[in-house]
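*Asks:* Coordinates in protein.cif, mmCIF, C-alpha atoms, are listed below.
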```cif
data_upload
loop_
_atom_site.label_atom_id
_atom_site.label_comp_id
_atom_site.auth_asym_id
_atom_site.auth_seq_id
_atom_site.Cartn_x
_atom_site.Cartn_y
_atom_site.Cartn_z
CA MET A 1 100.88 160.62 107.08
CA ARG A 2 101.94 159.85 103.51
CA GLU A 3 104.85 157.52 102.88
CA ASN A 4 106.56 156.80 99.59
CA GLY A 5 110.11 155.83 100.51
CA ALA A 6 111.98 152.57 100.18
CA VAL A 7 110.02 149.52 101.20
CA THR A 8 110.86 146.15 102.63
CA SER A 9 111.44 143.57 99.93
CA ALA A 10 108.53 141.25 99.27
CA THR A 11 111.00 138.42 98.62
CA ARG A 12 111.83 136.26 101.61
CA GLN A 13 115.53 136.47 102.44
CA PRO A 14 117.67 133.50 103.55
CA GLY A 15 117.98 133.22 107.29
CA THR A 16 116.84 131.16 110.22
CA PRO A 17 114.38 128.49 109.07
CA ALA A 18 110.81 129.54 109.83
CA ALA A 19 110.09 126.29 111.63
CA ALA A 20 112.82 127.12 114.18
CA LEU A 21 111.15 130.37 115.26
CA PRO A 22 107.85 130.60 117.14
CA PRO A 23 105.26 132.80 115.42
CA ARG A 24 104.96 136.39 116.64
CA LEU A 25 102.44 137.71 114.12
CA ILE A 26 99.54 136.32 112.12
CA ALA A 27 98.67 138.17 108.90
CA THR A 28 95.36 137.18 107.39
CA ASP A 29 93.32 138.27 104.43
CA LEU A 30 89.59 138.72 105.04
CA ASP A 31 87.26 137.91 102.12
CA GLY A 32 87.53 134.28 101.08
CA THR A 33 90.01 133.66 103.91
CA LEU A 34 89.06 134.68 107.45
CA LEU A 35 85.45 135.54 106.59
CA ARG A 36 82.91 132.97 105.55
CA ASP A 37 81.08 133.53 102.28
CA ASP A 38 78.27 135.30 104.15
CA LYS A 39 80.93 137.81 105.40
CA SER A 40 80.65 136.63 108.98
CA VAL A 41 83.41 135.74 111.42
CA SER A 42 82.51 132.39 112.93
CA PRO A 43 82.53 131.87 116.72
CA ARG A 44 85.35 129.37 116.27
CA THR A 45 87.44 131.95 114.42
CA VAL A 46 86.69 134.66 117.00
CA ALA A 47 87.90 132.30 119.73
CA ALA A 48 91.05 131.40 117.77
CA LEU A 49 91.97 135.05 117.20
CA ALA A 50 91.47 135.85 120.88
CA ALA A 51 93.59 132.83 121.86
CA ALA A 52 96.39 133.97 119.56
CA GLU A 53 96.42 137.44 121.09
CA ALA A 54 96.34 135.94 124.59
CA ALA A 55 99.37 133.83 123.65
CA GLY A 56 101.27 136.97 122.66
CA ILE A 57 100.84 136.57 118.89
CA GLU A 58 99.72 139.78 117.17
CA VAL A 59 96.97 139.47 114.55
CA PHE A 60 96.94 141.80 111.56
CA PHE A 61 94.09 141.92 109.08
CA VAL A 62 95.62 142.54 105.64
CA THR A 63 92.93 143.18 103.05
CA GLY A 64 92.04 144.81 99.78
CA ARG A 65 89.02 146.37 101.47
CA PRO A 66 88.90 150.12 102.11
CA ALA A 67 88.95 151.23 105.73
CA ARG A 68 85.24 152.08 105.71
CA TRP A 69 84.40 148.39 105.07
CA MET A 70 86.25 147.14 108.14
CA ASN A 71 83.34 147.16 110.58
CA VAL A 72 82.96 143.41 110.01
CA VAL A 73 86.17 142.80 112.01
CA SER A 74 86.63 146.03 114.01
CA ASP A 75 85.62 144.21 117.21
CA HIS A 76 88.48 141.75 116.77
CA VAL A 77 91.54 144.01 116.31
CA HIS A 78 92.46 143.67 120.02
CA GLY A 79 95.10 145.91 121.59
CA HIS A 80 96.96 147.36 118.63
CA GLY A 81 93.81 148.20 116.69
CA LEU A 82 95.60 148.30 113.34
CA ALA A 83 94.71 146.85 109.95
CA ILE A 84 96.36 147.04 106.54
CA CYS A 85 93.77 148.11 103.96
CA GLY A 86 93.62 148.72 100.22
CA ASN A 87 96.20 146.01 99.38
CA GLY A 88 98.83 147.81 101.43
CA ALA A 89 97.91 151.37 100.51
CA ALA A 90 96.96 152.29 104.08
CA VAL A 91 97.59 151.27 107.67
CA VAL A 92 94.48 152.18 109.64
CA ASP A 93 93.72 152.45 113.35
CA LEU A 94 90.21 151.03 113.76
CA HIS A 95 89.81 151.89 117.43
CA GLY A 96 87.36 154.69 116.67
CA GLY A 97 84.88 152.31 115.06
CA PRO A 98 83.09 152.67 111.71
CA GLY A 99 83.47 156.14 110.24
CA ALA A 100 86.00 157.25 112.86
CA HIS A 101 89.11 155.37 111.76
CA ARG A 102 92.49 157.09 111.63
CA PHE A 103 95.02 156.67 108.84
CA VAL A 104 98.40 155.86 110.39
CA LYS A 105 100.27 155.39 107.13
CA VAL A 106 99.25 156.17 103.53
CA ARG A 107 101.15 154.88 100.51
CA GLU A 108 99.41 156.64 97.68
CA LEU A 109 99.26 156.07 93.94
CA ALA A 110 100.59 159.25 92.35
CA ARG A 111 98.03 160.86 90.07
CA GLU A 112 100.53 160.95 87.18
CA ASN A 113 101.02 157.20 87.51
CA ALA A 114 97.29 156.68 87.77
CA LEU A 115 96.59 158.70 84.63
CA ASP A 116 99.31 156.82 82.72
CA ALA A 117 97.83 153.49 83.83
CA VAL A 118 94.35 154.52 82.69
CA ARG A 119 95.68 155.60 79.30
CA LEU A 120 97.70 152.42 78.78
CA LEU A 121 94.90 150.12 79.88
CA ARG A 122 92.30 151.87 77.71
CA ALA A 123 94.59 151.25 74.71
CA ALA A 124 95.40 147.64 75.63
CA ALA A 125 91.86 146.61 76.62
CA PRO A 126 89.20 148.79 75.01
CA GLY A 127 86.00 148.77 77.02
CA THR A 128 87.75 148.98 80.40
CA VAL A 129 85.97 151.22 82.89
CA PHE A 130 87.43 152.70 86.07
CA ALA A 131 86.74 153.71 89.65
CA VAL A 132 88.98 155.68 92.00
CA GLU A 133 89.44 154.85 95.69
CA GLN A 134 90.73 157.62 97.96
CA THR A 135 91.22 157.80 101.70
CA TYR A 136 87.65 158.90 102.32
CA GLY A 137 86.09 159.12 98.86
CA PHE A 138 84.96 156.71 96.17
CA HIS A 139 84.35 157.89 92.60
CA GLN A 140 83.62 156.07 89.36
CA GLU A 141 82.99 156.45 85.67
CA PRO A 142 79.34 156.48 84.55
CA ALA A 143 79.73 153.11 82.78
CA TYR A 144 81.38 151.39 85.75
CA PRO A 145 78.90 148.73 86.98
CA LYS A 146 77.40 148.57 90.45
CA LEU A 147 80.00 146.22 91.90
CA HIS A 148 80.28 147.76 95.35
CA ARG A 149 78.06 148.39 98.31
CA GLU A 150 77.99 152.16 98.14
CA ILE A 151 76.86 155.09 96.04
CA PRO A 152 79.85 156.84 94.42
CA ASP A 153 80.60 160.42 95.37
CA ASN A 154 81.07 161.43 91.72
CA LEU A 155 80.34 160.03 88.25
CA LEU A 156 83.00 161.34 85.86
CA PRO A 157 85.58 159.99 83.38
CA ALA A 158 88.68 158.69 85.13
CA GLU A 159 90.79 161.44 83.59
CA ALA A 160 88.59 164.06 85.28
CA LEU A 161 88.54 162.17 88.57
CA LEU A 162 92.34 162.03 88.61
CA ALA A 163 92.99 165.58 87.43
CA ALA A 164 94.93 167.92 89.71
CA ASP A 165 91.74 169.91 90.26
CA GLY A 166 89.43 166.87 90.32
CA PRO A 167 87.05 165.86 93.12
CA ASP A 168 88.69 165.55 96.53
CA ALA A 169 92.01 166.59 94.98
CA ASP A 170 93.42 167.09 98.49
CA GLN A 171 92.97 163.41 99.29
CA PRO A 172 95.57 160.82 98.23
CA VAL A 173 94.56 158.15 95.72
CA LEU A 174 94.88 154.71 97.30
CA LYS A 175 94.07 152.60 94.27
CA ILE A 176 92.26 152.46 90.95
CA LEU A 177 89.74 149.78 90.11
CA ALA A 178 89.60 148.66 86.47
CA TYR A 179 86.73 146.48 85.22
CA HIS A 180 86.27 144.75 81.88
CA PRO A 181 82.88 143.24 81.00
CA ASP A 182 84.15 140.51 78.68
CA LEU A 183 87.74 139.44 79.40
CA ASP A 184 88.76 136.41 81.44
CA PRO A 185 89.95 137.67 84.86
CA ASP A 186 93.40 136.07 84.72
CA ALA A 187 93.89 137.08 81.08
CA PHE A 188 92.94 140.66 81.97
CA LEU A 189 95.44 140.66 84.83
CA ALA A 190 98.26 139.41 82.62
CA LEU A 191 97.39 141.93 79.90
CA ALA A 192 97.28 144.83 82.35
CA ARG A 193 100.60 143.93 83.96
CA LEU A 194 102.24 143.80 80.55
CA ALA A 195 100.68 147.10 79.43
CA ILE A 196 101.35 149.09 82.61
CA GLY A 197 104.74 147.64 83.51
CA ASP A 198 106.29 149.10 86.65
CA GLY A 199 104.10 152.20 86.62
CA ALA A 200 101.71 150.62 89.12
CA ASN A 201 101.27 147.39 91.05
CA VAL A 202 98.42 145.47 89.40
CA THR A 203 96.57 142.63 91.09
CA ARG A 204 93.09 141.25 91.65
CA SER A 205 90.97 139.79 94.45
CA SER A 206 87.59 139.49 92.74
CA PRO A 207 86.32 136.45 90.81
CA SER A 208 85.29 138.87 88.05
CA ALA A 209 87.57 140.80 85.67
CA LEU A 210 88.13 143.54 88.24
CA LEU A 211 91.72 144.70 88.72
CA GLU A 212 93.21 146.77 91.54
CA LEU A 213 96.05 149.22 90.76
CA SER A 214 98.24 150.59 93.54
CA GLY A 215 101.50 152.49 93.76
CA PRO A 216 104.47 150.80 92.05
CA SER A 217 105.97 149.33 95.23
CA VAL A 218 102.74 148.96 97.19
CA SER A 219 101.48 145.51 98.09
CA LYS A 220 100.20 143.65 101.10
CA ALA A 221 103.69 142.21 101.53
CA SER A 222 105.64 145.47 101.42
CA THR A 223 103.38 147.27 103.90
CA LEU A 224 103.26 144.25 106.19
CA GLY A 225 107.05 144.21 106.01
CA LEU A 226 107.18 147.83 107.15
CA CYS A 227 104.83 147.13 110.07
CA CYS A 228 106.84 144.09 111.10
CA ALA A 229 110.16 145.95 110.88
CA GLU A 230 108.76 148.62 113.22
CA ARG A 231 108.06 145.84 115.73
CA GLY A 232 111.33 143.98 115.28
CA ILE A 233 109.51 141.00 113.76
CA SER A 234 111.26 139.05 111.01
CA PRO A 235 109.48 137.40 108.05
CA GLU A 236 110.30 134.01 109.58
CA GLU A 237 108.16 134.92 112.60
CA VAL A 238 105.08 135.66 110.47
CA VAL A 239 102.30 133.23 109.53
CA ALA A 240 100.12 134.43 106.62
CA PHE A 241 96.83 133.31 105.10
CA GLY A 242 95.22 134.13 101.73
CA ASP A 243 93.15 132.97 98.80
CA MET A 244 93.56 135.30 95.79
CA PRO A 245 96.33 136.78 93.58
CA ASN A 246 96.57 139.93 95.72
CA ASP A 247 97.82 137.66 98.53
CA VAL A 248 100.66 136.02 96.58
CA GLU A 249 103.44 138.45 97.55
CA MET A 250 102.47 138.28 101.23
CA LEU A 251 102.40 134.50 101.23
CA THR A 252 105.79 134.38 99.54
CA TRP A 253 107.28 136.88 102.00
CA ALA A 254 106.06 135.24 105.22
CA GLY A 255 108.05 132.49 106.88
CA ARG A 256 104.99 130.25 106.95
CA SER A 257 101.96 130.71 104.75
CA TYR A 258 98.73 128.90 104.05
CA ALA A 259 96.51 128.86 100.99
CA MET A 260 92.86 128.33 101.75
CA GLY A 261 91.11 125.24 100.41
CA ASN A 262 89.17 127.56 98.09
CA ALA A 263 92.30 129.42 96.89
CA HIS A 264 93.30 130.48 93.38
CA PRO A 265 95.94 128.18 91.79
CA ASP A 266 98.59 130.93 91.95
CA VAL A 267 98.04 131.21 95.70
CA ILE A 268 98.37 127.46 96.21
CA ALA A 269 101.66 127.56 94.32
CA ALA A 270 102.97 130.48 96.40
CA ALA A 271 102.08 129.25 99.88
CA SER A 272 104.21 126.91 101.96
CA GLY A 273 101.15 125.08 103.28
CA ARG A 274 97.45 124.61 102.77
CA THR A 275 94.43 124.62 105.05
CA VAL A 276 90.73 123.95 104.57
CA ALA A 277 88.34 126.43 102.98
CA ASN A 278 87.11 129.67 104.52
CA ASN A 279 83.66 128.22 105.16
CA GLU A 280 85.34 125.48 107.19
CA ASP A 281 87.27 127.97 109.37
CA GLY A 282 90.62 127.20 107.77
CA VAL A 283 92.43 130.04 109.54
CA ALA A 284 91.14 128.91 112.94
CA VAL A 285 92.24 125.33 112.24
CA VAL A 286 95.85 126.42 111.81
CA ILE A 287 95.85 128.87 114.73
CA GLU A 288 94.46 126.22 117.07
CA ARG A 289 97.22 123.83 116.04
CA MET A 290 99.90 126.52 116.44
CA ILE A 291 98.78 127.34 119.96
CA ALA A 292 98.56 123.69 120.92
CA GLU A 293 102.16 123.20 119.77
CA ARG A 294 103.31 126.07 122.03
CA VAL A 295 101.90 124.51 125.19
#
```
Please render this file's structure as structure tokens.

*Replies:*
Amino acid sequence: MRENGAVTSATRQPGTPAAALPPRLIATDLDGTLLRDDKSVSPRTVAALAAAEAAGIEVFFVTGRPARWMNVVSDHVHGHGLAICGNGAAVVDLHGGPGAHRFVKVRELARENALDAVRLLRAAAPGTVFAVEQTYGFHQEPAYPKLHREIPDNLLPAEALLAADGPDADQPVLKILAYHPDLDPDAFLALARLAIGDGANVTRSSPSALLELSGPSVSKASTLGLCCAERGISPEEVVAFGDMPNDVEMLTWAGRSYAMGNAHPDVIAAASGRTVANNEDGVAVVIERMIAERV
């Protein structure tokens, strides 16, 4: 199912104070947040997630990862089985396990927008190289470095990958990855946002100068907002966790939010609270306290 209509605002609206409402949903990023640096989920975190679900609090994984990289947490999605992937570009049912996931909602990046973004970013930051993430395919330019854990399906210029008759043209584009070998990551992000404007949502989750471009209104926050609205859950009933710029909108939207101890400065500024680092099970620390307060 593809969806490109109006989205829930990523700006928290005035209403009942978050502290007055018990949490109904936990939204957590994965890399640098829920996962330790070795990409494991600690036993303490596994227990905290299970305790939250047992207490009637839904847990949503909200990540920049593609669906095919979700095996690391597929055993912990509990009853609903859903995760938000690709920075909000897809809602995925993980019940089938690795390689058998089902796309419940797809919020694609239109190819015209993608081609415009490539053109504008090539002009603003010469030397930028691109990769294209689709629902089931991954393609990259020949000069794009080996940053990911997989072999690309095709090696072609971005313009050819995004053409109407390009590879896997029947599949929606979820996001574009743009890498620059020399620029500072935050400077590259600011430059790209200025160059592309509202033609795409530009963010980053990597410590390197690797940007992620999604549809103009697509973010973790807007897709999480849609999922919550379907469940009758208000922003004030959501607790969110994150560590990088692609989490900022979600942390701002949620009634309560926590920056990890290892978080980017922009994330610390956006969150309403702070917890310890991912390697110290910062998400579990907060969940344990929340559940204890409910007893």

*Asks:* Could you jot down the CA of Ser42 in chain A to CA of Phe241 in chain A separation for me, Å, one decimal place?

*Replies:*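 So the answer is 16.3 Å.
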
*Asks:* Any idea what the distance is between CA of Ala200 in chain A and CA of Thr128 in chain A?

*Replies:*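 Rounded to one decimal, the two atoms are 16.5 Å apart.
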
*Asks:* Suppose you want the space between CA of Pro207 in chain A and CA of Asp31 in chain A; what is it in Å?

*Replies:*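 We find that CA of Pro207 in chain A and CA of Asp31 in chain A lie 11.4 Å from each other.
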
*Asks:* So which one's closest to Val59 in chain A, A:Val283, A:Ala178, A:Ala27, A:Ile84? Using only C-alpha atoms, please.

*Replies:* A:Ala27

*Asks:* Can you pull out the residues contacting Asp29 in chain A? Cut-off 9 Å, using only C-alpha atoms, and skip same-chain residues under 6 positions away; I want them as a ChimeraX atom specification.

*Replies:* /A:35,60-64,240-243,247

*Asks:* Identify the residues around (102.0, 153.1, 86.2) within a radius of 7 Å, measuring from only C-alpha atoms in the coordinates stated by the file, and give them as a list of chain:residue names.

*Replies:*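 Here the neighbourhood of the point contains A:Asn113, A:Ala114, A:Asp116, A:Ala117, A:Ile196, A:Gly197, A:Asp198, A:Gly199, A:Ala200, A:Pro216.
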
*Asks:* Report the residues retrieved by the PyMOL selection byres ((chain A and resi 270-272) around 9) from the displayed file, expressed as a PyMOL selection string.

*Replies:* chain A and resi 240-242+248-249+251-252+254-259+265-269+273-274

*Asks:* Evaluate the PyMOL selection byres ((chain A and resi 193) around 12) and record the selected residues as a CSV table (one decimal) with C-alpha atoms, in the frame of the given file, following the chain and residue labels used in the document.

*Replies:*
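Once written, part.csv looks like this:
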```
chain,number,residue,atom,x,y,z
A,117,ALA,CA,97.8,153.5,83.8
A,120,LEU,CA,97.7,152.4,78.8
A,121,LEU,CA,94.9,150.1,79.9
A,124,ALA,CA,95.4,147.6,75.6
A,125,ALA,CA,91.9,146.6,76.6
A,186,ASP,CA,93.4,136.1,84.7
A,187,ALA,CA,93.9,137.1,81.1
A,188,PHE,CA,92.9,140.7,82.0
A,189,LEU,CA,95.4,140.7,84.8
A,190,ALA,CA,98.3,139.4,82.6
A,191,LEU,CA,97.4,141.9,79.9
A,192,ALA,CA,97.3,144.8,82.4
A,194,LEU,CA,102.2,143.8,80.6
A,195,ALA,CA,100.7,147.1,79.4
A,196,ILE,CA,101.4,149.1,82.6
A,197,GLY,CA,104.7,147.6,83.5
A,198,ASP,CA,106.3,149.1,86.6
A,199,GLY,CA,104.1,152.2,86.6
A,200,ALA,CA,101.7,150.6,89.1
A,201,ASN,CA,101.3,147.4,91.0
A,202,VAL,CA,98.4,145.5,89.4
A,203,THR,CA,96.6,142.6,91.1
A,204,ARG,CA,93.1,141.2,91.6
A,211,LEU,CA,91.7,144.7,88.7
A,212,GLU,CA,93.2,146.8,91.5
A,213,LEU,CA,96.0,149.2,90.8
A,214,SER,CA,98.2,150.6,93.5
A,216,PRO,CA,104.5,150.8,92.0
```

*Asks:* Kindly provide, as lines of an AutoDock Vina configuration file, the centre and edge lengths (Å, one decimal) of an axis-aligned box around all atoms of range 79-89 of chain A given in the file, with 6 Å on each side.

*Replies:*
```
center_x = 96.2
center_y = 148.6
center_z = 110.5
size_x = 17.2
size_y = 17.5
size_z = 34.2
```

*Asks:* With all atoms listed in the file as the basis for distance, which of A:Ala123, A:Ala209, A:Leu115, A:Leu147 is at the shortest distance from Ala163 in chain A?

*Replies:* A:Leu115

*Asks:* Within 10 Å of Cys85 in chain A, counting only C-alpha atoms, which residues qualify if same-chain residues fewer than 2 places away don't, as a PyMOL selection string?

*Replies:* chain A and resi 29+61-70+82-83+87-92+103+106+174+220+223

*Asks:* Determine the residue set returned by the PyMOL selection byres ((chain A and resi 287) around 12) for the present structure, and present it as a ChimeraX atom specification.

*Replies:* /A:23-28,34,44-53,55,57-59,239-241,257-258,275,281-286,288-294

*Asks:* Give me the residues near Tyr144 in chain A as a ChimeraX atom specification, where near means some atom within 8 Å (using all atoms listed in the file) and where sequence neighbours in that chain fewer than 3 positions away do not count.

*Replies:* /A:129-131,140-141,179

*Asks:* Identify the residues around (91.1, 157.1, 94.0) within a radius of 10 Å, measuring from all atoms listed in the file in the coordinates stated by the file, and give them as an MDAnalysis selection string.

*Replies:* chainID A and resid 108:111 114 130:140 158 161:162 167:169 171:177 213:214

*Asks:* Starting from the block above, write range 271-292 of chain A out to a file with N, CA and C atoms, as a PDB file, in the first residue's frame, please.

*Replies:*
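Written out: result.pdb:
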```pdb
ATOM      1  N   ALA A 271      15.116  16.877  23.043  1.00  0.00           N
ATOM      2  CA  ALA A 271      14.443  15.954  23.961  1.00  0.00           C
ATOM      3  C   ALA A 271      14.033  16.649  25.252  1.00  0.00           C
ATOM      4  N   SER A 272      12.997  16.107  25.891  1.00  0.00           N
ATOM      5  CA  SER A 272      12.558  16.665  27.170  1.00  0.00           C
ATOM      6  C   SER A 272      13.303  16.065  28.351  1.00  0.00           C
ATOM      7  N   GLY A 273      14.061  14.993  28.111  1.00  0.00           N
ATOM      8  CA  GLY A 273      14.831  14.364  29.170  1.00  0.00           C
ATOM      9  C   GLY A 273      16.074  13.699  28.616  1.00  0.00           C
ATOM     10  N   ARG A 274      16.856  13.127  29.485  1.00  0.00           N
ATOM     11  CA  ARG A 274      18.090  12.471  29.053  1.00  0.00           C
ATOM     12  C   ARG A 274      18.284  11.205  29.874  1.00  0.00           C
ATOM     13  N   THR A 275      18.828  10.179  29.238  1.00  0.00           N
ATOM     14  CA  THR A 275      19.143   8.946  29.922  1.00  0.00           C
ATOM     15  C   THR A 275      20.607   8.604  29.659  1.00  0.00           C
ATOM     16  N   VAL A 276      21.055   7.475  30.191  1.00  0.00           N
ATOM     17  CA  VAL A 276      22.446   7.092  30.001  1.00  0.00           C
ATOM     18  C   VAL A 276      22.638   6.529  28.595  1.00  0.00           C
ATOM     19  N   ALA A 277      23.867   6.217  28.249  1.00  0.00           N
ATOM     20  CA  ALA A 277      24.212   5.827  26.885  1.00  0.00           C
ATOM     21  C   ALA A 277      23.640   4.459  26.510  1.00  0.00           C
ATOM     22  N   ASN A 278      23.653   4.195  25.201  1.00  0.00           N
ATOM     23  CA  ASN A 278      23.125   2.921  24.704  1.00  0.00           C
ATOM     24  C   ASN A 278      23.863   1.721  25.282  1.00  0.00           C
ATOM     25  N   ASN A 279      25.168   1.835  25.467  1.00  0.00           N
ATOM     26  CA  ASN A 279      25.924   0.717  26.018  1.00  0.00           C
ATOM     27  C   ASN A 279      25.659   0.491  27.503  1.00  0.00           C
ATOM     28  N   GLU A 280      24.951   1.436  28.121  1.00  0.00           N
ATOM     29  CA  GLU A 280      24.557   1.299  29.523  1.00  0.00           C
ATOM     30  C   GLU A 280      23.059   1.021  29.648  1.00  0.00           C
ATOM     31  N   ASP A 281      22.425   0.617  28.552  1.00  0.00           N
ATOM     32  CA  ASP A 281      21.006   0.239  28.544  1.00  0.00           C
ATOM     33  C   ASP A 281      20.099   1.402  28.949  1.00  0.00           C
ATOM     34  N   GLY A 282      20.363   2.565  28.335  1.00  0.00           N
ATOM     35  CA  GLY A 282      19.616   3.764  28.698  1.00  0.00           C
ATOM     36  C   GLY A 282      18.123   3.666  28.483  1.00  0.00           C
ATOM     37  N   VAL A 283      17.682   2.952  27.441  1.00  0.00           N
ATOM     38  CA  VAL A 283      16.248   2.784  27.215  1.00  0.00           C
ATOM     39  C   VAL A 283      15.643   1.938  28.331  1.00  0.00           C
ATOM     40  N   ALA A 284      16.295   0.860  28.688  1.00  0.00           N
ATOM     41  CA  ALA A 284      15.795  -0.018  29.747  1.00  0.00           C
ATOM     42  C   ALA A 284      15.705   0.719  31.083  1.00  0.00           C
ATOM     43  N   VAL A 285      16.667   1.581  31.363  1.00  0.00           N
ATOM     44  CA  VAL A 285      16.659   2.342  32.615  1.00  0.00           C
ATOM     45  C   VAL A 285      15.367   3.141  32.753  1.00  0.00           C
ATOM     46  N   VAL A 286      14.970   3.808  31.683  1.00  0.00           N
ATOM     47  CA  VAL A 286      13.753   4.625  31.726  1.00  0.00           C
ATOM     48  C   VAL A 286      12.505   3.751  31.796  1.00  0.00           C
ATOM     49  N   ILE A 287      12.460   2.682  31.001  1.00  0.00           N
ATOM     50  CA  ILE A 287      11.280   1.810  31.007  1.00  0.00           C
ATOM     51  C   ILE A 287      11.077   1.205  32.388  1.00  0.00           C
ATOM     52  N   GLU A 288      12.146   0.747  33.004  1.00  0.00           N
ATOM     53  CA  GLU A 288      12.033   0.164  34.346  1.00  0.00           C
ATOM     54  C   GLU A 288      11.444   1.172  35.328  1.00  0.00           C
ATOM     55  N   ARG A 289      11.888   2.407  35.238  1.00  0.00           N
ATOM     56  CA  ARG A 289      11.374   3.444  36.133  1.00  0.00           C
ATOM     57  C   ARG A 289       9.898   3.729  35.845  1.00  0.00           C
ATOM     58  N   MET A 290       9.542   3.780  34.556  1.00  0.00           N
ATOM     59  CA  MET A 290       8.145   4.028  34.189  1.00  0.00           C
ATOM     60  C   MET A 290       7.229   2.952  34.748  1.00  0.00           C
ATOM     61  N   ILE A 291       7.637   1.708  34.618  1.00  0.00           N
ATOM     62  CA  ILE A 291       6.785   0.608  35.088  1.00  0.00           C
ATOM     63  C   ILE A 291       6.689   0.620  36.606  1.00  0.00           C
ATOM     64  N   ALA A 292       7.796   0.921  37.264  1.00  0.00           N
ATOM     65  CA  ALA A 292       7.773   0.996  38.721  1.00  0.00           C
ATOM     66  C   ALA A 292       6.819   2.080  39.210  1.00  0.00           C
TER      67      ALA A 292
END
```
